file model-v6.cif (mmCIF, C-alpha atoms)
data_target
loop_
_atom_site.group_PDB
_atom_site.id
_atom_site.type_symbol
_atom_site.label_atom_id
_atom_site.label_comp_id
_atom_site.auth_asym_id
_atom_site.auth_seq_id
_atom_site.Cartn_x
_atom_site.Cartn_y
_atom_site.Cartn_z
ATOM 1 C CA GLU A 1 12.197 -84.912 21.112
ATOM 2 C CA THR A 2 10.150 -83.566 23.983
ATOM 3 C CA ALA A 3 12.833 -80.976 24.786
ATOM 4 C CA THR A 4 12.852 -79.898 21.147
ATOM 5 C CA LYS A 5 9.079 -79.357 21.125
ATOM 6 C CA LEU A 6 9.231 -77.334 24.316
ATOM 7 C CA PHE A 7 11.994 -75.175 22.899
ATOM 8 C CA LEU A 8 10.059 -74.545 19.652
ATOM 9 C CA ARG A 9 6.875 -73.719 21.572
ATOM 10 C CA HIS A 10 8.748 -71.297 23.836
ATOM 11 C CA TYR A 11 10.485 -69.698 20.864
ATOM 12 C CA SER A 12 7.176 -69.257 18.986
ATOM 13 C CA THR A 13 5.524 -67.696 22.042
ATOM 14 C CA THR A 14 8.423 -65.276 22.480
ATOM 15 C CA ILE A 15 8.251 -64.166 18.857
ATOM 16 C CA THR A 16 4.471 -63.636 19.121
ATOM 17 C CA MET A 17 4.805 -61.515 22.268
ATOM 18 C CA ARG A 18 7.547 -59.442 20.692
ATOM 19 C CA SER A 19 5.391 -58.833 17.633
ATOM 20 C CA VAL A 20 2.496 -57.651 19.784
ATOM 21 C CA ILE A 21 4.727 -55.326 21.798
ATOM 22 C CA VAL A 22 6.292 -53.816 18.659
ATOM 23 C CA ALA A 23 2.861 -53.284 17.099
ATOM 24 C CA ALA A 24 1.567 -51.608 20.259
ATOM 25 C CA LEU A 25 4.554 -49.311 20.478
ATOM 26 C CA ALA A 26 4.229 -48.360 16.833
ATOM 27 C CA THR A 27 0.534 -47.551 17.307
ATOM 28 C CA SER A 28 1.236 -45.418 20.375
ATOM 29 C CA ALA A 29 4.054 -43.546 18.691
ATOM 30 C CA ALA A 30 1.836 -42.783 15.708
ATOM 31 C CA ALA A 31 -0.488 -40.806 17.974
ATOM 32 C CA PHE A 32 2.307 -38.404 18.820
ATOM 33 C CA ALA A 33 3.891 -38.222 15.371
ATOM 34 C CA PRO A 34 3.429 -34.937 13.461
ATOM 35 C CA THR A 35 1.262 -34.915 10.381
ATOM 36 C CA THR A 36 2.796 -35.088 6.960
ATOM 37 C CA SER A 37 2.042 -31.433 6.256
ATOM 38 C CA ARG A 38 3.768 -30.303 9.431
ATOM 39 C CA VAL A 39 6.853 -32.349 8.697
ATOM 40 C CA HIS A 40 6.901 -31.002 5.173
ATOM 41 C CA ARG A 41 6.427 -27.457 6.482
ATOM 42 C CA ALA A 42 9.320 -27.821 8.933
ATOM 43 C CA ALA A 43 11.532 -29.164 6.203
ATOM 44 C CA THR A 44 10.511 -26.271 3.974
ATOM 45 C CA VAL A 45 11.343 -23.704 6.644
ATOM 46 C CA VAL A 46 14.731 -25.272 7.256
ATOM 47 C CA LYS A 47 15.405 -25.384 3.560
ATOM 48 C CA THR A 48 14.390 -21.751 3.152
ATOM 49 C CA ALA A 49 16.636 -20.715 6.029
ATOM 50 C CA GLU A 50 19.542 -22.485 4.391
ATOM 51 C CA VAL A 51 18.893 -20.912 0.996
ATOM 52 C CA GLU A 52 18.519 -17.399 2.444
ATOM 53 C CA PRO A 53 21.483 -16.993 4.815
ATOM 54 C CA ASP A 54 21.412 -13.192 4.474
ATOM 55 C CA ALA A 55 17.730 -12.713 5.389
ATOM 56 C CA MET A 56 18.704 -10.126 7.986
ATOM 57 C CA ASP A 57 19.818 -7.779 5.214
ATOM 58 C CA LEU A 58 16.472 -7.846 3.391
ATOM 59 C CA ASP A 59 14.143 -4.887 3.386
ATOM 60 C CA LEU A 60 10.580 -5.211 4.668
ATOM 61 C CA GLU A 61 9.045 -6.036 1.317
ATOM 62 C CA GLN A 62 11.574 -8.795 0.679
ATOM 63 C CA MET A 63 11.019 -10.168 4.174
ATOM 64 C CA PHE A 64 7.346 -10.758 3.496
ATOM 65 C CA GLU A 65 8.154 -12.254 0.092
ATOM 66 C CA VAL A 66 10.390 -14.836 1.773
ATOM 67 C CA PHE A 67 7.546 -15.757 4.140
ATOM 68 C CA ASP A 68 5.076 -16.070 1.274
ATOM 69 C CA GLU A 69 7.420 -18.251 -0.772
ATOM 70 C CA ALA A 70 7.931 -20.590 2.165
ATOM 71 C CA VAL A 71 4.192 -21.003 2.676
ATOM 72 C CA ALA A 72 3.527 -21.363 -1.060
ATOM 73 C CA ALA A 73 6.140 -24.131 -1.281
ATOM 74 C CA ASP A 74 4.207 -25.927 1.433
ATOM 75 C CA GLY A 75 1.082 -25.845 -0.704
ATOM 76 C CA GLY A 76 -0.741 -23.261 1.419
ATOM 77 C CA GLU A 77 -1.986 -19.748 0.934
ATOM 78 C CA PRO A 78 0.382 -16.795 1.519
ATOM 79 C CA ALA A 79 0.378 -16.015 5.225
ATOM 80 C CA THR A 80 1.434 -12.378 4.847
ATOM 81 C CA PRO A 81 -1.363 -10.304 6.412
ATOM 82 C CA VAL A 82 -1.087 -7.567 3.790
ATOM 83 C CA ALA A 83 -1.297 -10.023 0.915
ATOM 84 C CA ALA A 84 -4.205 -11.897 2.449
ATOM 85 C CA MET A 85 -6.320 -8.939 3.625
ATOM 86 C CA THR A 86 -9.108 -7.600 1.446
ATOM 87 C CA THR A 87 -10.805 -5.486 4.131
ATOM 88 C CA SER A 88 -9.415 -2.773 6.375
ATOM 89 C CA LEU A 89 -8.513 -3.708 9.944
ATOM 90 C CA ALA A 90 -8.855 -0.083 11.058
ATOM 91 C CA LEU A 91 -12.293 0.285 9.444
ATOM 92 C CA PRO A 92 -14.053 -3.110 9.715
ATOM 93 C CA GLY A 93 -16.298 -3.866 6.790
ATOM 94 C CA GLN A 94 -14.606 -1.340 4.521
ATOM 95 C CA PRO A 95 -12.443 -2.456 1.575
ATOM 96 C CA ARG A 96 -8.706 -2.211 1.982
ATOM 97 C CA PRO A 97 -7.174 0.608 -0.138
ATOM 98 C CA ALA A 98 -5.451 -1.037 -3.092
ATOM 99 C CA GLY A 99 -2.485 1.326 -2.994
ATOM 100 C CA LEU A 100 -1.365 -0.012 0.401
ATOM 101 C CA ASN A 101 -0.639 -3.401 -1.160
ATOM 102 C CA SER A 102 2.310 -1.959 -3.076
ATOM 103 C CA VAL A 103 4.594 -2.389 -0.037
ATOM 104 C CA SER A 104 4.552 -4.290 3.262
ATOM 105 C CA ILE A 105 5.460 -2.228 6.329
ATOM 106 C CA ALA A 106 4.966 -2.559 10.060
ATOM 107 C CA GLY A 107 1.863 -0.969 11.549
ATOM 108 C CA ASP A 108 -0.214 -1.382 8.371
ATOM 109 C CA ARG A 109 -3.878 -1.577 9.414
ATOM 110 C CA GLY A 110 -5.391 -0.698 6.069
ATOM 111 C CA PHE A 111 -6.226 2.889 7.068
ATOM 112 C CA ASP A 112 -6.041 5.353 4.194
ATOM 113 C CA PRO A 113 -9.525 6.852 3.748
ATOM 114 C CA LEU A 114 -8.252 9.736 1.592
ATOM 115 C CA GLY A 115 -6.146 7.518 -0.679
ATOM 116 C CA PHE A 116 -2.793 9.203 -0.108
ATOM 117 C CA GLY A 117 -0.795 5.944 -0.419
ATOM 118 C CA LYS A 118 -0.921 5.300 -4.136
ATOM 119 C CA ASP A 119 2.448 3.591 -4.673
ATOM 120 C CA LYS A 120 5.499 2.311 -2.805
ATOM 121 C CA GLU A 121 7.482 5.545 -3.046
ATOM 122 C CA THR A 122 4.626 7.638 -1.682
ATOM 123 C CA ILE A 123 3.873 5.224 1.162
ATOM 124 C CA LEU A 124 7.506 5.116 2.287
ATOM 125 C CA LYS A 125 7.633 8.930 2.228
ATOM 126 C CA TYR A 126 4.573 9.151 4.456
ATOM 127 C CA ARG A 127 5.950 6.432 6.739
ATOM 128 C CA SER A 128 9.181 8.400 7.128
ATOM 129 C CA ALA A 129 7.164 11.458 8.184
ATOM 130 C CA GLU A 130 4.993 9.373 10.504
ATOM 131 C CA ILE A 131 7.924 7.792 12.318
ATOM 132 C CA LYS A 132 9.498 11.225 12.890
ATOM 133 C CA HIS A 133 6.279 12.590 14.369
ATOM 134 C CA ALA A 134 5.814 9.417 16.422
ATOM 135 C CA ARG A 135 9.269 9.672 17.993
ATOM 136 C CA LEU A 136 8.850 13.372 18.737
ATOM 137 C CA ALA A 137 5.440 12.665 20.261
ATOM 138 C CA MET A 138 6.886 9.960 22.527
ATOM 139 C CA LEU A 139 9.483 12.425 23.790
ATOM 140 C CA ALA A 140 6.856 15.142 24.219
ATOM 141 C CA ALA A 141 4.345 12.878 25.974
ATOM 142 C CA ALA A 142 7.008 12.064 28.561
ATOM 143 C CA GLY A 143 8.556 15.538 28.742
ATOM 144 C CA TRP A 144 5.292 17.475 29.150
ATOM 145 C CA PRO A 145 4.283 16.099 32.594
ATOM 146 C CA LEU A 146 7.891 15.698 33.737
ATOM 147 C CA GLY A 147 8.461 19.377 33.015
ATOM 148 C CA GLU A 148 5.453 20.347 35.089
ATOM 149 C CA VAL A 149 6.735 18.220 37.971
ATOM 150 C CA PHE A 150 10.453 19.051 37.965
ATOM 151 C CA ASP A 151 10.766 22.471 36.296
ATOM 152 C CA LYS A 152 10.075 24.473 39.467
ATOM 153 C CA PRO A 153 12.522 22.633 41.787
ATOM 154 C CA LEU A 154 15.244 22.537 39.115
ATOM 155 C CA ALA A 155 14.845 26.237 38.358
ATOM 156 C CA GLY A 156 15.005 26.987 42.076
ATOM 157 C CA ALA A 157 18.145 24.896 42.518
ATOM 158 C CA LEU A 158 19.849 26.716 39.620
ATOM 159 C CA ASN A 159 18.496 30.116 40.673
ATOM 160 C CA LEU A 160 16.615 30.542 37.396
ATOM 161 C CA ASN A 161 13.107 31.585 36.481
ATOM 162 C CA SER A 162 10.592 28.806 35.816
ATOM 163 C CA PRO A 163 8.537 29.346 32.625
ATOM 164 C CA ILE A 164 5.903 26.919 33.898
ATOM 165 C CA VAL A 165 5.481 28.764 37.200
ATOM 166 C CA GLU A 166 5.220 32.071 35.352
ATOM 167 C CA ASN A 167 2.643 30.479 33.025
ATOM 168 C CA ASN A 168 0.304 29.591 35.917
ATOM 169 C CA GLY A 169 1.601 26.062 36.219
ATOM 170 C CA LEU A 170 0.859 25.147 32.590
ATOM 171 C CA ALA A 171 3.416 23.859 30.121
ATOM 172 C CA PRO A 172 4.163 26.540 27.496
ATOM 173 C CA SER A 173 2.524 25.729 24.171
ATOM 174 C CA LEU A 174 0.655 27.353 21.295
ATOM 175 C CA LEU A 175 -2.649 26.905 23.127
ATOM 176 C CA ASN A 176 -1.404 27.635 26.646
ATOM 177 C CA GLY A 177 0.849 30.497 25.630
ATOM 178 C CA GLY A 178 4.095 31.183 27.428
ATOM 179 C CA LEU A 179 6.425 30.274 24.560
ATOM 180 C CA GLY A 180 8.056 33.690 24.867
ATOM 181 C CA LEU A 181 9.119 32.820 28.412
ATOM 182 C CA ILE A 182 11.542 30.174 27.136
ATOM 183 C CA SER A 183 15.156 31.163 26.517
ATOM 184 C CA PRO A 184 16.087 31.700 22.845
ATOM 185 C CA ALA A 185 19.163 29.528 23.429
ATOM 186 C CA TYR A 186 16.832 26.569 23.926
ATOM 187 C CA TRP A 187 15.162 27.117 20.562
ATOM 188 C CA VAL A 188 18.543 27.443 18.836
ATOM 189 C CA ALA A 189 19.677 24.154 20.367
ATOM 190 C CA VAL A 190 16.451 22.366 19.398
ATOM 191 C CA ILE A 191 16.532 23.621 15.807
ATOM 192 C CA GLY A 192 20.213 22.729 15.503
ATOM 193 C CA MET A 193 19.684 19.143 16.697
ATOM 194 C CA ALA A 194 16.648 18.708 14.444
ATOM 195 C CA ALA A 195 18.619 19.951 11.436
ATOM 196 C CA ALA A 196 21.482 17.577 12.251
ATOM 197 C CA VAL A 197 19.155 14.579 12.431
ATOM 198 C CA GLU A 198 17.441 15.589 9.199
ATOM 199 C CA ALA A 199 20.797 15.974 7.441
ATOM 200 C CA LEU A 200 21.806 12.535 8.664
ATOM 201 C CA GLY A 201 18.645 11.125 7.134
ATOM 202 C CA PHE A 202 19.758 12.188 3.652
ATOM 203 C CA THR A 203 22.921 10.101 3.981
ATOM 204 C CA LEU A 204 21.152 6.870 4.965
ATOM 205 C CA LYS A 205 21.311 3.951 2.587
ATOM 206 C CA SER A 206 18.698 1.811 4.350
ATOM 207 C CA GLU A 207 15.307 1.491 2.645
ATOM 208 C CA ASP A 208 13.561 1.136 6.012
ATOM 209 C CA PRO A 209 12.041 4.505 6.994
ATOM 210 C CA GLY A 210 13.424 5.803 10.281
ATOM 211 C CA ASP A 211 16.445 3.499 10.347
ATOM 212 C CA TYR A 212 19.266 5.797 11.456
ATOM 213 C CA GLY A 213 21.483 2.977 12.655
ATOM 214 C CA PHE A 214 21.155 4.272 16.227
ATOM 215 C CA ASP A 215 21.181 1.397 18.701
ATOM 216 C CA PRO A 216 23.775 2.106 21.436
ATOM 217 C CA LEU A 217 22.318 -0.509 23.809
ATOM 218 C CA GLY A 218 22.038 -3.221 21.165
ATOM 219 C CA LEU A 219 18.311 -3.739 21.742
ATOM 220 C CA TYR A 220 17.365 -3.994 18.075
ATOM 221 C CA PRO A 221 16.986 -7.687 17.143
ATOM 222 C CA LYS A 222 19.169 -9.274 14.494
ATOM 223 C CA ASP A 223 16.579 -11.714 13.118
ATOM 224 C CA THR A 224 13.849 -10.775 10.670
ATOM 225 C CA ALA A 225 10.901 -11.655 12.909
ATOM 226 C CA GLY A 226 12.381 -9.714 15.828
ATOM 227 C CA LYS A 227 12.929 -6.625 13.676
ATOM 228 C CA LEU A 228 9.325 -6.641 12.469
ATOM 229 C CA GLN A 229 8.066 -7.064 16.023
ATOM 230 C CA MET A 230 10.179 -4.159 17.289
ATOM 231 C CA GLN A 231 9.026 -1.905 14.439
ATOM 232 C CA GLU A 232 5.422 -2.851 15.157
ATOM 233 C CA LYS A 233 5.800 -1.930 18.839
ATOM 234 C CA GLU A 234 7.412 1.389 17.994
ATOM 235 C CA MET A 235 4.565 2.344 15.675
ATOM 236 C CA ILE A 236 1.919 1.418 18.261
ATOM 237 C CA HIS A 237 3.614 3.429 21.013
ATOM 238 C CA GLY A 238 4.254 6.341 18.662
ATOM 239 C CA ARG A 239 0.651 6.563 17.523
ATOM 240 C CA VAL A 240 -0.620 6.441 21.103
ATOM 241 C CA ALA A 241 1.880 9.181 22.012
ATOM 242 C CA MET A 242 0.651 11.420 19.183
ATOM 243 C CA VAL A 243 -2.897 11.110 20.505
ATOM 244 C CA ALA A 244 -1.690 11.645 24.102
ATOM 245 C CA ILE A 245 0.266 14.839 23.465
ATOM 246 C CA THR A 246 -2.679 16.263 21.530
ATOM 247 C CA ALA A 247 -4.937 15.402 24.451
ATOM 248 C CA PHE A 248 -2.521 17.052 26.909
ATOM 249 C CA ALA A 249 -2.603 20.338 24.992
ATOM 250 C CA ALA A 250 -6.381 20.288 24.487
ATOM 251 C CA GLN A 251 -7.085 19.361 28.099
ATOM 252 C CA GLU A 252 -4.978 22.148 29.582
ATOM 253 C CA PHE A 253 -6.364 24.681 27.117
ATOM 254 C CA ALA A 254 -9.954 23.770 28.025
ATOM 255 C CA SER A 255 -9.633 23.296 31.790
ATOM 256 C CA LYS A 256 -6.677 25.600 32.588
ATOM 257 C CA VAL A 257 -5.488 22.838 34.930
ATOM 258 C CA SER A 258 -2.145 21.138 34.390
ATOM 259 C CA VAL A 259 -2.047 17.488 33.402
ATOM 260 C CA VAL A 260 -0.121 16.701 36.567
ATOM 261 C CA ASP A 261 -2.815 18.261 38.769
ATOM 262 C CA GLU A 262 -5.617 16.781 36.689
ATOM 263 C CA THR A 263 -4.334 13.241 37.199
ATOM 264 C CA PRO A 264 -2.050 13.453 40.254
ATOM 265 C CA PHE A 265 -2.176 9.716 40.924
ATOM 266 C CA LEU A 266 -0.133 9.172 37.765
ATOM 267 C CA PHE A 267 2.592 11.762 38.284
ATOM 268 C CA LYS A 268 2.951 12.505 41.985
ATOM 269 C CA PRO A 269 4.491 10.300 44.683
ATOM 270 C CA LEU A 270 1.949 8.096 46.425
ATOM 271 C CA TRP A 271 2.441 9.748 49.829
ATOM 272 C CA SER A 272 2.088 13.223 48.317
ATOM 273 C CA TYR A 273 -1.063 12.185 46.474
ATOM 274 C CA LEU A 274 -2.628 10.686 49.599
ATOM 275 C CA THR A 275 -1.871 13.649 51.834
ATOM 276 C CA GLU A 276 -2.196 16.638 49.493
ATOM 277 C CA ASN A 277 -4.931 15.525 47.136
ATOM 278 C CA LEU A 278 -6.952 13.046 49.162
ATOM 279 C CA HIS A 279 -6.100 14.636 52.559
ATOM 280 C CA SER A 280 -5.587 11.191 54.000
ATOM 281 C CA PHE A 281 -4.320 10.948 57.583
ATOM 282 C CA ASP A 282 -5.440 14.556 58.178
ATOM 283 C CA LEU A 283 -7.328 14.218 61.478
ATOM 284 C CA SER A 284 -7.957 17.963 61.682
ATOM 285 C CA ALA A 285 -10.710 17.573 59.081
ATOM 286 C CA GLY A 286 -12.534 15.011 61.212
ATOM 287 C CA TYR A 287 -13.541 11.465 60.461
ATOM 288 C CA ALA A 288 -16.398 12.458 58.166
ATOM 289 C CA ASN A 289 -14.040 12.811 55.217
ATOM 290 C CA TYR A 290 -12.761 9.200 55.363
#
call {"tool": "encode", "arguments": {"input": "model-v6.cif", "output": "structure tokens"}}
result
Amino acid sequence: ETATKLFLRHYSTTITMRSVIVAALATSAAAFAPTTSRVHRAATVVKTAEVEPDAMDLDLEQMFEVFDEAVAADGGEPATPVAAMTTSLALPGQPRPAGLNSVSIAGDRGFDPLGFGKDKETILKYRSAEIKHARLAMLAAAGWPLGEVFDKPLAGALNLNSPIVENNGLAPSLLNGGLGLISPAYWVAVIGMAAAVEALGFTLKSEDPGDYGFDPLGLYPKDTAGKLQMQEKEMIHGRVAMVAITAFAAQEFASKVSVVDETPFLFKPLWSYLTENLHSFDLSAGYANY
């Protein structure tokens, strides 16, 4: 009888300890468990991904619609910036132009003070023109200073005349002059390539402005979010380049000093900049200049 009582007491104590341990573990795990809304949101995203297996083939407007539907199914407000914005990001405090809400595109900051973007067709037409100018500006912003640096040595190596040298070290342009110094063959080649690209644009079936299907290195993402991010980066760099190339032309026209010589620390080798521009290590000038 005594052995039976001891066994029952030991068994009861063991069950009590196990209950306490299980309760403690459950309480601790609850602190790290996601909230109900987050679990529901994750399930919604997974469900949306399963329902839309061909999301990579959607245009930009449909991409944002998929995002909005996923958030709406979760009981929240649409997370699309264009749908949620009522004020302009480019002009804080000013109302967002209503016409820009007709389509969702990368780089949209709500800037349309003259009201050119009235509908989807018009906005996509202007975006197509903007992306062309942006890409040309990126090429020009890089080619302008590189030409001023390498045109003279390349022309000397090929035994040719340098238009930049003959134009007082300034890149030929409408403001700087010197366009007549450039070979007509160059202009024929440029116009021919531009016409070929423009003709290719008429054959495109993609609704995304600027999508020529040109990606030889395979850098363009395959997923929707990656595509939007890449398009956003291209627009930012393109807009900065358009401002930069305008500044290059205005600066050289006003100062008559080349961009390379105006900011040599950006375009010349470090040793050349230190010795030629700062006269570093030139002991003939004395120590007073250091």
call {"tool": "atom_distance", "arguments": {"input": "model-v6.cif", "atom1": "CA of Asn176 (chain A)", "atom2": "CA of Asn277 (chain A)"}}
result
24.1 Å
call {"tool": "residues_near_point", "arguments": {"input": "model-v6.cif", "point": "(-4.1, 22.2, 25.9)", "cutoff": "12 Å", "atoms": "only C-alpha atoms", "output": "list in words"}}
result
Trp144, Leu170, Ala171, Pro172, Ser173, Leu174, Leu175, Asn176, Gly177, Ala244, Ile245, Thr246, Ala247, Phe248, Ala249, Ala250, Gln251, Glu252, Phe253, Ala254, Ser255, Lys256, Val257, Ser258 and Val259 of chain A
call {"tool": "atom_distance", "arguments": {"input": "model-v6.cif", "atom1": "CA of Asp108 (chain A)", "atom2": "CA of Ala142 (chain A)"}}
result
25.3 Å
call {"tool": "resolve_selection", "arguments": {"input": "model-v6.cif", "expression": "the PyMOL selection byres ((chain A and resi 149) around 12)", "output": "short mmCIF file (atom, residue, chain, number, x, y, z; two decimals) with C-alpha atoms, in the frame of the given file"}}
result
data_model
loop_
_atom_site.label_atom_id
_atom_site.label_comp_id
_atom_site.auth_asym_id
_atom_site.auth_seq_id
_atom_site.Cartn_x
_atom_site.Cartn_y
_atom_site.Cartn_z
CA ALA A 142 7.01 12.06 28.56
CA GLY A 143 8.56 15.54 28.74
CA TRP A 144 5.29 17.48 29.15
CA PRO A 145 4.28 16.10 32.59
CA LEU A 146 7.89 15.70 33.74
CA GLY A 147 8.46 19.38 33.02
CA GLU A 148 5.45 20.35 35.09
CA PHE A 150 10.45 19.05 37.97
CA ASP A 151 10.77 22.47 36.30
CA LYS A 152 10.07 24.47 39.47
CA PRO A 153 12.52 22.63 41.79
CA LEU A 154 15.24 22.54 39.12
CA ALA A 155 14.84 26.24 38.36
CA SER A 162 10.59 28.81 35.82
CA ILE A 164 5.90 26.92 33.90
CA VAL A 165 5.48 28.76 37.20
CA GLY A 169 1.60 26.06 36.22
CA LEU A 170 0.86 25.15 32.59
CA ALA A 171 3.42 23.86 30.12
CA SER A 258 -2.14 21.14 34.39
CA VAL A 259 -2.05 17.49 33.40
CA VAL A 260 -0.12 16.70 36.57
CA ASP A 261 -2.82 18.26 38.77
CA PRO A 264 -2.05 13.45 40.25
CA LEU A 266 -0.13 9.17 37.76
CA PHE A 267 2.59 11.76 38.28
CA LYS A 268 2.95 12.50 41.98
CA PRO A 269 4.49 10.30 44.68
#
call {"tool": "resolve_selection", "arguments": {"input": "model-v6.cif", "expression": "the PyMOL selection byres ((chain A and resi 120-129) around 8)", "output": "list in words"}}
result
Leu100, Ser102, Val103, Phe116, Gly117, Lys118, Asp119, Glu130, Ile131, Lys132, His133, Pro209 and Gly210 of chain A
call {"tool": "resolve_selection", "arguments": {"input": "model-v6.cif", "expression": "the PyMOL selection byres ((chain A and resi 238-242) around 6)", "output": "VMD selection string"}}
result
chain A and resid 134 137 to 138 141 234 to 237 243 to 245
call {"tool": "residues_around", "arguments": {"input": "model-v6.cif", "residues": "Ser183 (chain A)", "least_positions_apart": "3", "cutoff": "12 Å", "atoms": "only C-alpha atoms", "output": "count of residues only"}}
result
13
call {"tool": "atom_distance", "arguments": {"input": "model-v6.cif", "atom1": "CA of Leu91 (chain A)", "atom2": "CA of Asp112 (chain A)"}}
result
9.6 Å
call {"tool": "axis_aligned_box", "arguments": {"input": "model-v6.cif", "around": "region 162-170 of chain A", "padding_each_side": "6 Å", "output": "lines of an AutoDock Vina configuration file"}}
result
center_x = 5.4
center_y = 28.6
center_z = 34.9
size_x = 22.3
size_y = 18.9
size_z = 16.6
call {"tool": "closest_residue", "arguments": {"input": "model-v6.cif", "among": "A:Pro113, A:Leu219, A:Phe265, A:Thr86", "to": "Asn101 (chain A)", "atoms": "all atoms listed in the file"}}
result
A:Thr86
call {"tool": "build_atoms", "arguments": {"input": "model-v6.cif", "residues": "region 262-277 of chain A", "atoms": "N, CA, C and O atoms", "output": "PDB file, keeping the file's coordinate frame"}}
result
ATOM      1  N   GLU A 262      -4.369  17.423  37.124  1.00  0.00           N
ATOM      2  CA  GLU A 262      -5.617  16.781  36.689  1.00  0.00           C
ATOM      3  C   GLU A 262      -5.610  15.295  37.021  1.00  0.00           C
ATOM      4  O   GLU A 262      -6.642  14.715  37.386  1.00  0.00           O
ATOM      5  N   THR A 263      -4.470  14.674  36.880  1.00  0.00           N
ATOM      6  CA  THR A 263      -4.334  13.241  37.199  1.00  0.00           C
ATOM      7  C   THR A 263      -3.127  13.052  38.114  1.00  0.00           C
ATOM      8  O   THR A 263      -2.106  12.490  37.703  1.00  0.00           O
ATOM      9  N   PRO A 264      -3.216  13.509  39.359  1.00  0.00           N
ATOM     10  CA  PRO A 264      -2.050  13.453  40.254  1.00  0.00           C
ATOM     11  C   PRO A 264      -1.617  12.042  40.622  1.00  0.00           C
ATOM     12  O   PRO A 264      -0.450  11.811  40.918  1.00  0.00           O
ATOM     13  N   PHE A 265      -2.532  11.091  40.563  1.00  0.00           N
ATOM     14  CA  PHE A 265      -2.176   9.716  40.924  1.00  0.00           C
ATOM     15  C   PHE A 265      -1.215   9.090  39.927  1.00  0.00           C
ATOM     16  O   PHE A 265      -0.602   8.058  40.211  1.00  0.00           O
ATOM     17  N   LEU A 266      -1.066   9.696  38.763  1.00  0.00           N
ATOM     18  CA  LEU A 266      -0.133   9.172  37.765  1.00  0.00           C
ATOM     19  C   LEU A 266       1.251   9.800  37.858  1.00  0.00           C
ATOM     20  O   LEU A 266       2.237   9.192  37.445  1.00  0.00           O
ATOM     21  N   PHE A 267       1.343  11.013  38.380  1.00  0.00           N
ATOM     22  CA  PHE A 267       2.592  11.762  38.284  1.00  0.00           C
ATOM     23  C   PHE A 267       3.186  12.188  39.621  1.00  0.00           C
ATOM     24  O   PHE A 267       4.331  12.627  39.655  1.00  0.00           O
ATOM     25  N   LYS A 268       2.435  12.092  40.682  1.00  0.00           N
ATOM     26  CA  LYS A 268       2.951  12.505  41.985  1.00  0.00           C
ATOM     27  C   LYS A 268       3.271  11.282  42.839  1.00  0.00           C
ATOM     28  O   LYS A 268       2.669  10.216  42.654  1.00  0.00           O
ATOM     29  N   PRO A 269       4.208  11.418  43.770  1.00  0.00           N
ATOM     30  CA  PRO A 269       4.491  10.300  44.683  1.00  0.00           C
ATOM     31  C   PRO A 269       3.230   9.897  45.436  1.00  0.00           C
ATOM     32  O   PRO A 269       2.356  10.721  45.726  1.00  0.00           O
ATOM     33  N   LEU A 270       3.151   8.616  45.787  1.00  0.00           N
ATOM     34  CA  LEU A 270       1.949   8.096  46.425  1.00  0.00           C
ATOM     35  C   LEU A 270       1.642   8.843  47.724  1.00  0.00           C
ATOM     36  O   LEU A 270       0.491   9.206  47.991  1.00  0.00           O
ATOM     37  N   TRP A 271       2.682   9.070  48.559  1.00  0.00           N
ATOM     38  CA  TRP A 271       2.441   9.748  49.829  1.00  0.00           C
ATOM     39  C   TRP A 271       1.945  11.176  49.607  1.00  0.00           C
ATOM     40  O   TRP A 271       1.035  11.639  50.292  1.00  0.00           O
ATOM     41  N   SER A 272       2.527  11.861  48.612  1.00  0.00           N
ATOM     42  CA  SER A 272       2.088  13.223  48.317  1.00  0.00           C
ATOM     43  C   SER A 272       0.653  13.235  47.818  1.00  0.00           C
ATOM     44  O   SER A 272      -0.145  14.106  48.186  1.00  0.00           O
ATOM     45  N   TYR A 273       0.307  12.263  46.996  1.00  0.00           N
ATOM     46  CA  TYR A 273      -1.063  12.185  46.474  1.00  0.00           C
ATOM     47  C   TYR A 273      -2.065  11.915  47.595  1.00  0.00           C
ATOM     48  O   TYR A 273      -3.148  12.521  47.655  1.00  0.00           O
ATOM     49  N   LEU A 274      -1.710  11.017  48.516  1.00  0.00           N
ATOM     50  CA  LEU A 274      -2.628  10.686  49.599  1.00  0.00           C
ATOM     51  C   LEU A 274      -2.830  11.852  50.562  1.00  0.00           C
ATOM     52  O   LEU A 274      -3.942  12.095  51.032  1.00  0.00           O
ATOM     53  N   THR A 275      -1.772  12.579  50.833  1.00  0.00           N
ATOM     54  CA  THR A 275      -1.871  13.649  51.834  1.00  0.00           C
ATOM     55  C   THR A 275      -2.348  14.969  51.246  1.00  0.00           C
ATOM     56  O   THR A 275      -3.172  15.659  51.846  1.00  0.00           O
ATOM     57  N   GLU A 276      -1.861  15.341  50.058  1.00  0.00           N
ATOM     58  CA  GLU A 276      -2.196  16.638  49.493  1.00  0.00           C
ATOM     59  C   GLU A 276      -3.501  16.629  48.706  1.00  0.00           C
ATOM     60  O   GLU A 276      -4.265  17.597  48.752  1.00  0.00           O
ATOM     61  N   ASN A 277      -3.751  15.558  47.982  1.00  0.00           N
ATOM     62  CA  ASN A 277      -4.931  15.525  47.136  1.00  0.00           C
ATOM     63  C   ASN A 277      -6.123  14.846  47.799  1.00  0.00           C
ATOM     64  O   ASN A 277      -7.262  15.293  47.651  1.00  0.00           O
TER      65      ASN A 277
END
